[in-house]
Structures are given as C-alpha cells and as structure tokens.
Amino acid sequence: MPDMRRRIFLALPLGLAAWTARAEVGYPDVVSGAALRFPRDHGSHPEFRTEWWYITGLVRDGAGTEIGVQITFFRSRPGIAETGASRFAPRQLLFAHAALARPATGHLLHDQISARTGFRLAEAREDTTNVHIEGWSLQLDGNTYVADIAAREFALRLSFAVTAPPLLQGDAGVSRKGPRVEQASYYYSLPQMKVAGTISEGPRTEAVSGIAWLDHEWSSAYLASEARGWDWTGINLDDGSALMAFRIRDRDGNAFWAGGSHRDANGKVSSFGPNDVRFVPLRRWRSPRTNIEYPVAMRLEIGSRAFEPHTFDLAPLMDDQELDARASVGTVYWEGGVRAMQGAATIGRGYLELTGYGAPLKL
C-alpha cells in the first residue's frame with residue numbers, strides 16, 4: 001500500500017502541468033526593504049508560488065566514514081481551483097526529496113514523495129517550520145530542526161541544532177536573481193548547524209554526527225526567461241565561517257547573474273554581487289543514465305572591495321550524485337557533497353547544486 005500511495009501522489013503534479021501553465025493568479029511580489037520576521041518566517045508562505053526548505057550536510061558514522069545527506073521540502077501554489085469549495089482541490093502541493101551519498105555505494109540513494117495539502121496527509125504550517133508528507137517531516141523545535149524521513153531504501157532520524165542567527169542573503173533577505181527588480185526571492189540560511197541522529201539502511205542503523213546547512217527561500221517568479229539553470233554552493237568552513245555563492249547561467253551557459261555571501265566566525269557578513277563571483281569548471285562527469293554532463297569539480301573565485309579575493313576548489317565526495325526528480329518536480333539535477341580545498345588542504349565541507357544541464361529548468 002505505501003508504494004501505491006506514493007505513485008498516486010507523484011502522478012498528481014504531472015497531471016496538473018498543463019492547467020498550471022494557463023492559471024491566471026495574482027502572486028505577491030518580493031519587495032525590497034520588507035523585513036523578515038522570525039519565528040513566523042521560518043514557516044510557510046502559501047500566497048507565494050514557490051518555496052523550499054533545503055538541508056544539506058556531511059556527517060560521519062562511528063567508523064569515521066563521510067556521508068552526504070540532503071533533505072528538501074518544496075511547496076507550490078499552482079494557482080488553480082482556488083475558488084472551488086472541494087476539499088480535494090489542489091490549492092497547495094508539497095514535494096520532498098531525500099538522498100544519501102556514500103562513496104562506497106558509488107551513486108546516490110534517493111527517494112521522493114508528493115501530495116496535495118489537506119486531510120492530515122500533507123501540511124505546511126505558517127507560524128513555524130512544520131512541514132510533513134505522510135511519514136516525511138521537518139519540524140523546528142526551539143532552536144533545533146528535527147527531520148524524520150521514511151524513504152524506501154533508507155530512513156533518517158536527524159536533529160540539526162542552530163548555532164547562530166539566520167544569515168540573511170542578498171539585501172537584508174531579498175536576494176536578486178536577475179537584473180529586473182521582480183527577479184528576486186526572500187532567502188535566508190542557517191549554516192554551521194550541528195547534526196546528530198541515525199541513518200538506517202535495511203537492518204542496519206548507525207549513529208552519525210556532523211555539520212549541515214539550511215536554506216529557506218520563497219518567491220513568485222524569480223528565474224528569468226533568459227536563464228537555463230544555476231550553480232549553487234553552501235560551504236561550512238572549518239574556521240567557523242560560512243560561504244554561499246551562486247551563478248545563474250543563460251541559454252549559452254554564460255553567467256547571467258551571480259551573488260553570494262560570507263559570514264565569518266565573529267558574525268561579520270560580506271555580500272557579493274554579479275561581478276564578485278566566478279565559477280570555473282575543473283572536471284566534468286557524464287551520467288550513464290541520462291547522458292547529461294555536469295561540471296562536478298568547480299573552482300570558485302570570490303571577492304569584493306570589502307572582502308579579500310579567495311579561491312576555493314570544490315571536490316566532489318563522489319562523481320555520481322545525480323538526482324532524477326522527474327516524478328515529482330519534473331527535473332534532473334546534480335546535488336552533491338563536496339570538500340572545499342585550498343591546494344591540498346581541506347578547509348570546509350558543503351554541497352554543490354547544478355541545475356539546467358539537461359533541459360532548461362522551469363520553476
């Protein structure tokens with residue numbers, strides 16, 4: 001029964017695709033100068049079109065083996081049937097992805113699930129982070145996020161302790177994604193979270209601990225029509241600082257927009273604009289399943305007038321970290337654990353996300 005229910009839910013967004021494209025709904029804009037408010041803004045923003053809570057991190061088991069962990073919950077307002085009285089109307093859709101990256105396995109273990117909200121099967125509260133789809137959930141309890149993921153091949157029972165205030169991205173939490181004002185999102189991060197809990201695969205359950213990163217982002221329309229996809233990285237550096245950088249690529253693969261931030265261990269924040277961030281592919285890997293080629297090793301060059309230029313080489317935990325999410329959000333992307341290197345020295349760990357290397361990404 002669980003597998004059948006999962007297949008029914010995953011088919012739902014695909015069947016709505018044509019209707020969503022024709023929807024005429026007034027979505028709110030992201031407004032510069034609008035202050036984020038906590039704890040309310042940890043919660044859902046159902047009036048906006050798209051939203052996600054995204055956790056990535058590297059943990060170690062008792063033997064010291066490094067494992068990449070990704071947990072993402074998405075919320076979508078498709079803009080259809082909003083005036084209908086039926087409780088079955090898909091006014092809000094929820095999706096979730098989870099993945100484990102074990103170098104010994106050589107490829108991702110991943111799963112996905114989706115559902116319309118309601119009937120206590122799937123909900124996303126507005127007052128704080130509390131989102132669930134059946135047996136998958138992410139909740140904020142005090143200063144700790146608790147994730148409970150019952151995937152088909154694995155289970156995650158993990159807590160993520162917040163160690164610092166939210167890192168507001170862009171201009172006080174408004175992150176531009178293009179040259180036009182409306183191409184923006186509300187966006188904050190919680191880096192350097194302390195992870196503890198268990199990972200189960202089959203009969204084996206092991207305790208793990210490590211460091212993770214959380215992004216919470218919501219918007220109505222911030223990816224420009226000229227854009228094909230993006231490269232993003234969030235790195236927890238060993239000195240206690242945190243680095244985020246992204247570039248949005250145009251249809252020819254060139255940088256269309258870019259940005260990022262650095263917060264040092266003392267809390268000083270430096271923000272970066274389009275001319276301050278450069279991603280340089282160092283090595284590419286081609287998927288044997290989709291034939292998509294990804295730049296899985298990257299050099300990140302970042303700096304500004306207020307931040308001395310730095311260069312970081314991002315080395316993947318393993319090459320095959322491709323996640324096929326066509327059954328839920330309709331895309332294939334590379335989402336992988338990486339080590340941040342300067343020369344031969346590892347100075348931090350985090351994740352690299354590569355989208356739009358197959359078909360152009362559509363949000």
# chains A, B, ... in the order shown; residues from 1 in each chain; ligands from 1
$ residues_around --residues "stretch 246-248 of chain A" --least-positions-apart "5" --cutoff "6 Å" --atoms "only C-alpha atoms" --output "PyMOL selection string"
chain A and resi 229-232+255-259
$ select_by_dssp --residues "stretch 53-261 of chain A" --states "strand (DSSP E)" --output "MDAnalysis selection string"
chainID A and resid 53:60 66:76 93:101 108:116 122:124 130:133 136:141 144:150 155:161 167:168 174:176 184:201 204:219 227:237 242:250 255:261
$ atom_distance --atom1 "atom CA of A:Pro28" --atom2 "atom CA of A:Gly173"
16.1 Å
$ closest_residue --among "A:Pro191, A:Pro309, A:Gly26, A:Pro360" --to "A:Asp215" --atoms "only C-alpha atoms"
A:Pro191
$ select_by_dssp --residues "stretch 7-186 of chain A" --states "helix (DSSP H, G or I)" --output "ChimeraX atom specification"
/A:7-22,40-42
$ residues_around --residues "stretch 317-319 of chain A" --least-positions-apart "3" --cutoff "8 Å" --atoms "only C-alpha atoms" --output "NGL selection string"
:A and (68 or 101-103 or 106-107 or 285 or 296 or 336-339)
$ closest_residue --among "A:Gln92, A:Gln112, A:Ser287, A:Gln169" --to "A:His45" --atoms "only C-alpha atoms"
A:Gln92
$ closest_atom_pairs --of "stretch 26-136 of chain A" --to "stretch 197-214 of chain A" --cutoff "7 Å" --atoms "only C-alpha atoms" --output "CSV"
residue,atom,partner,partner_atom,distance
A:Tyr54,CA,A:Leu214,CA,5.5
A:Ile55,CA,A:Leu214,CA,4.4
A:Thr56,CA,A:Trp213,CA,5.4
A:Gly57,CA,A:Ala212,CA,3.9
A:Leu58,CA,A:Gly210,CA,6.0
A:Val59,CA,A:Gly210,CA,4.1
A:Arg60,CA,A:Val208,CA,5.3
A:Asp61,CA,A:Val208,CA,4.5
A:Gly62,CA,A:Ala207,CA,6.7
$ residues_around --residues "A:Phe272" --least-positions-apart "5" --cutoff "10 Å" --atoms "only C-alpha atoms" --output "MDAnalysis selection string"
chainID A and resid 169:170 244:246 258:262 277 302:307
$ residues_around --residues "A:Thr129" --least-positions-apart "4" --cutoff "9 Å" --atoms "only C-alpha atoms" --output "ChimeraX atom specification"
/A:39-44,53,124-125,138-141,145
$ residues_around --residues "A:Val30" --least-positions-apart "5" --cutoff "7 Å" --atoms "only C-alpha atoms" --output "VMD selection string"
chain A and resid 182 184 to 186 219
$ write_last_selection --atoms "N, CA and C atoms" --output "compact mmCIF listing (two decimals), in the first residue's frame"
# COMPACT_ATOMS: atom_id res chain seq x y z
N GLU A 182 11.78 42.37 -10.12
CA GLU A 182 10.91 41.26 -9.76
C GLU A 182 11.62 39.91 -9.76
N ALA A 184 13.62 38.07 -7.95
CA ALA A 184 14.20 38.04 -6.61
C ALA A 184 13.44 37.03 -5.76
N SER A 185 14.05 36.68 -4.64
CA SER A 185 13.43 35.78 -3.67
C SER A 185 13.71 36.30 -2.27
N TYR A 186 12.86 35.93 -1.32
CA TYR A 186 13.19 36.05 0.09
C TYR A 186 14.04 34.84 0.44
N SER A 219 9.39 32.67 -3.28
CA SER A 219 9.24 33.69 -4.30
C SER A 219 8.01 33.37 -5.14
$ atom_distance --atom1 "atom CA of A:Thr290" --atom2 "atom CA of A:Thr105"
19.0 Å
$ closest_residue --among "A:Thr346, A:Ser32, A:Ser114, A:Thr50" --to "A:Ser220" --atoms "only C-alpha atoms"
A:Thr50
$ closest_residue --among "A:Leu237, A:Tyr187, A:Thr65, A:Asp320" --to "A:Gln342" --atoms "only C-alpha atoms"
A:Leu237
$ closest_residue --among "A:Ala227, A:Ile347, A:Leu300, A:Leu323" --to "A:Ser241" --atoms "only C-alpha atoms"
A:Ile347
$ residues_around --residues "A:Gln183" --least-positions-apart "3" --cutoff "10 Å" --atoms "only C-alpha atoms" --output "PDB file with N, CA and C atoms, in the first residue's frame"
ATOM      1  N   ASP A  29       4.611  39.964  -5.046  1.00  0.00           N
ATOM      2  CA  ASP A  29       5.996  40.218  -5.426  1.00  0.00           C
ATOM      3  C   ASP A  29       6.899  40.175  -4.196  1.00  0.00           C
ATOM      4  N   VAL A  30       8.164  39.944  -4.444  1.00  0.00           N
ATOM      5  CA  VAL A  30       9.185  40.124  -3.419  1.00  0.00           C
ATOM      6  C   VAL A  30       9.517  41.617  -3.366  1.00  0.00           C
ATOM      7  N   SER A 175      17.045  38.483  -2.151  1.00  0.00           N
ATOM      8  CA  SER A 175      18.152  38.019  -2.981  1.00  0.00           C
ATOM      9  C   SER A 175      17.793  38.162  -4.449  1.00  0.00           C
ATOM     10  N   ARG A 176      18.509  39.049  -5.150  1.00  0.00           N
ATOM     11  CA  ARG A 176      18.257  39.246  -6.577  1.00  0.00           C
ATOM     12  C   ARG A 176      18.752  38.058  -7.373  1.00  0.00           C
ATOM     13  N   LYS A 177      17.961  37.663  -8.395  1.00  0.00           N
ATOM     14  CA  LYS A 177      18.324  36.570  -9.276  1.00  0.00           C
ATOM     15  C   LYS A 177      18.415  37.007 -10.733  1.00  0.00           C
ATOM     16  N   GLY A 178      18.404  38.314 -10.956  1.00  0.00           N
ATOM     17  CA  GLY A 178      18.473  38.845 -12.302  1.00  0.00           C
ATOM     18  C   GLY A 178      18.461  40.359 -12.277  1.00  0.00           C
ATOM     19  N   PRO A 179      18.570  41.005 -13.435  1.00  0.00           N
ATOM     20  CA  PRO A 179      18.671  42.470 -13.491  1.00  0.00           C
ATOM     21  C   PRO A 179      17.370  43.195 -13.208  1.00  0.00           C
ATOM     22  N   ARG A 180      16.232  42.510 -13.322  1.00  0.00           N
ATOM     23  CA  ARG A 180      14.948  43.153 -13.072  1.00  0.00           C
ATOM     24  C   ARG A 180      14.537  42.977 -11.615  1.00  0.00           C
ATOM     25  N   SER A 219       9.386  32.668  -3.281  1.00  0.00           N
ATOM     26  CA  SER A 219       9.238  33.695  -4.300  1.00  0.00           C
ATOM     27  C   SER A 219       8.012  33.368  -5.143  1.00  0.00           C
ATOM     28  N   SER A 220       7.723  34.256  -6.100  1.00  0.00           N
ATOM     29  CA  SER A 220       6.644  34.001  -7.053  1.00  0.00           C
ATOM     30  C   SER A 220       7.177  33.798  -8.463  1.00  0.00           C
ATOM     31  N   ALA A 221       8.183  34.537  -8.863  1.00  0.00           N
ATOM     32  CA  ALA A 221       8.770  34.358 -10.189  1.00  0.00           C
ATOM     33  C   ALA A 221      10.112  35.042 -10.199  1.00  0.00           C
ATOM     34  N   TYR A 222      11.193  34.274  -9.986  1.00  0.00           N
ATOM     35  CA  TYR A 222      12.484  34.943  -9.929  1.00  0.00           C
ATOM     36  C   TYR A 222      13.516  34.373 -10.886  1.00  0.00           C
ATOM     37  N   LEU A 223      13.181  33.343 -11.662  1.00  0.00           N
ATOM     38  CA  LEU A 223      14.132  32.845 -12.650  1.00  0.00           C
ATOM     39  C   LEU A 223      13.776  33.444 -14.005  1.00  0.00           C
ATOM     40  N   ALA A 224      14.689  34.217 -14.564  1.00  0.00           N
ATOM     41  CA  ALA A 224      14.423  34.936 -15.804  1.00  0.00           C
ATOM     42  C   ALA A 224      14.213  33.980 -16.966  1.00  0.00           C
TER      43      ALA A 224
END
$ atom_distance --atom1 "atom CA of A:Trp218" --atom2 "atom CA of A:Arg263"
21.7 Å
$ closest_residue --among "A:Gly79, A:Gly64, A:Phe74, A:Val181" --to "A:Glu47" --atoms "only C-alpha atoms"
A:Gly79
